[in-house]
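What follows is one structure encoded as structure tokens, with my remarks underneath.
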Amino acid sequence: MNFEEALTYELETIPGLSGKVYPISTPGKGAPYAQYQSSFGRQDKALAGHLVSKSIEGEINLFAKSYGELKDLENVAIALIVGFEQRTIGDDGPFVYEITYEQPVEMFESAPKLHRCVISFNVHI
């Protein structure tokens with residue numbers, strides 16, 4: 001299980017997000033839902049060359065119909081990602097040595113008429 005598969009697995013444990021976690025875009029599902037973005041990451045390097053460990057930057061976008069619902073999702077999501085540290089995530093995913101995140105940014109998206117929260121993070125696996 002790679003990092004994105006493990007992230008999806010973990011995010012789908014949040015009440016209301018089971019089957020509603022998508023990479024980058026959403027296939028027309030109703031709120032609440034989550035989108036994420038990440039990359040292969042940047043491998044650590046030592047004098048002998050590149051290591052297996054790496055840092056991955058990512059972003060989670062949470063969408064909800066009401067501000068109260070968004071705050072509930074945000075609180076659970078933050079607790080979840082903070083809990084990634086020093087454990088294997090997903091069913092059989094990578095071990096997370098460290099995770100940091102930026103202050104969440106909340107907004108209202110007028111086109112879909114949904115509340116949105118953006119959580120940017122950096123994980124070292």
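Residue numbers start at 1 in each chain; chains themselves are named A, B, ... in the order of the structure tokens; ligands are numbered from 1 in the order shown.
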Range 35-123 of chain A: which residues are alpha helix (DSSP H) by DSSP, as a count of residues only? 16
Assign secondary structure with DSSP using the backbone only, and return the residues of chain A in strand (DSSP E) as a PyMOL selection string. chain A and resi 21-23+33-37+42-46+49-64+87-88+95-96+98-101+105-109+114-124
Skip Glu85 in chain A itself and residues of its chain fewer than 2 positions away, then list as a PyMOL selection string all residues within 10 Å of it, counting only C-alpha atoms. chain A and resi 80-83+87-89+95-100+123-125
Can you work out which one of A:Ser39, A:Glu69, A:Cys117, A:Glu59 has the shortest atom-to-atom distance to Pro15 in chain A, counting only C-alpha atoms? A:Glu69
Here is a test: counting only C-alpha atoms, which residue of A:Ala6, A:Ala48, A:Met1, A:Ile60 is nearest to Ser25 in chain A?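 Of the candidates, the smallest distance to Ser25 in chain A is held by A:Ile60.
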Please provide as a JSON list (two decimals) with C-alpha atoms, in the first residue's frame all residues within 10 Å of Gly41 in chain A, with the sequence filter that same-chain residues fewer than 3 positions apart are discarded (counting only C-alpha atoms).
[["chain", "number", "residue", "atom", "x", "y", "z"],
["A", 3, "PHE", "CA", 1.12, 6.64, 0.78],
["A", 38, "SER", "CA", 0.32, 14.58, -2.91],
["A", 44, "ASP", "CA", 16.36, 11.66, 1.63],
["A", 53, "SER", "CA", 12.98, 7.37, 3.38],
["A", 54, "LYS", "CA", 11.41, 10.51, 1.93],
["A", 55, "SER", "CA", 9.36, 13.63, 2.59],
["A", 56, "ILE", "CA", 5.98, 14.11, 0.94],
["A", 57, "GLU", "CA", 4.07, 17.39, 0.75],
["A", 58, "GLY", "CA", 0.34, 17.10, 0.48],
["A", 122, "ASN", "CA", 4.38, 17.44, 5.19],
["A", 123, "VAL", "CA", 5.00, 13.83, 6.12],
["A", 124, "HIS", "CA", 8.31, 11.98, 6.50],
["A", 125, "ILE", "CA", 8.08, 8.25, 5.77]]
What gap, in Å, lies between CA of Asp91 in chain A and CA of Ile14 in chain A? 15.2 Å
Please identify all polymer residues within 12 Å of Ala31 in chain A, counting only C-alpha atoms, omitting same-chain residues fewer than 3 positions from it, and present them as a list in words.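 Contacts, with the query itself left out: Gly16, Leu17, Ser18, Gly19, Lys20, Val21, Thr26, Pro27, Gly28, Ala34, Gln35, Asn61, Leu62, Phe63, Ala64, Lys65, Ser66, Glu69, Leu70, Leu73, Pro112, Lys113, Leu114, His115 and Arg116 of chain A.
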If I take CA of Phe40 in chain A and CA of Pro23 in chain A, how far is one from the other in Å, to one decimal? 13.6 Å
Within 8 Å of Thr8 in chain A, counting only C-alpha atoms, which residues show up once you throw out same-chain ones fewer than 2 positions away? Write them as a list in words, please.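 Non-adjacent residues within range: Glu4, Glu5, Ala6, Glu10, Leu11, Glu12, Val21, Tyr22 and Gly90 of chain A.
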Print the selection's residues with C-alpha atoms to a file, as a tab-separated table (two decimals), in the first residue's frame.
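Output saved as part-v4.tsv:
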chain	number	residue	atom	x	y	z
A	4	GLU	CA	-1.92	7.84	-1.19
A	5	GLU	CA	-3.74	4.52	-0.75
A	6	ALA	CA	-2.97	4.61	2.98
A	10	GLU	CA	-7.34	6.59	6.90
A	11	LEU	CA	-9.51	9.50	5.72
A	12	GLU	CA	-12.38	7.12	4.94
A	21	VAL	CA	-12.23	10.47	-0.57
A	22	TYR	CA	-10.81	11.36	-3.98
A	90	GLY	CA	-3.55	2.34	6.27
Here is a test: counting only C-alpha atoms, which residue of A:Ser120, A:Gln86, A:Gln43, A:Asn2 is nearest to Pro104 in chain A?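 Between A:Ser120, A:Gln86, A:Gln43, A:Asn2, the residue approaching Pro104 in chain A most closely is A:Ser120.
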I'd like the interatomic distance between CA of Phe84 in chain A and CA of Val118 in chain A, to a tenth of an Å.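 CA of Val118 in chain A lies at a distance of 18.1 Å from CA of Phe84 in chain A.
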Have a look at A:Lys29, A:Tyr101, A:Tyr9, A:Phe108 and name the one nearest to Ile78 in chain A; count only C-alpha atoms.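 Smallest distance to Ile78 in chain A is found for A:Tyr101.
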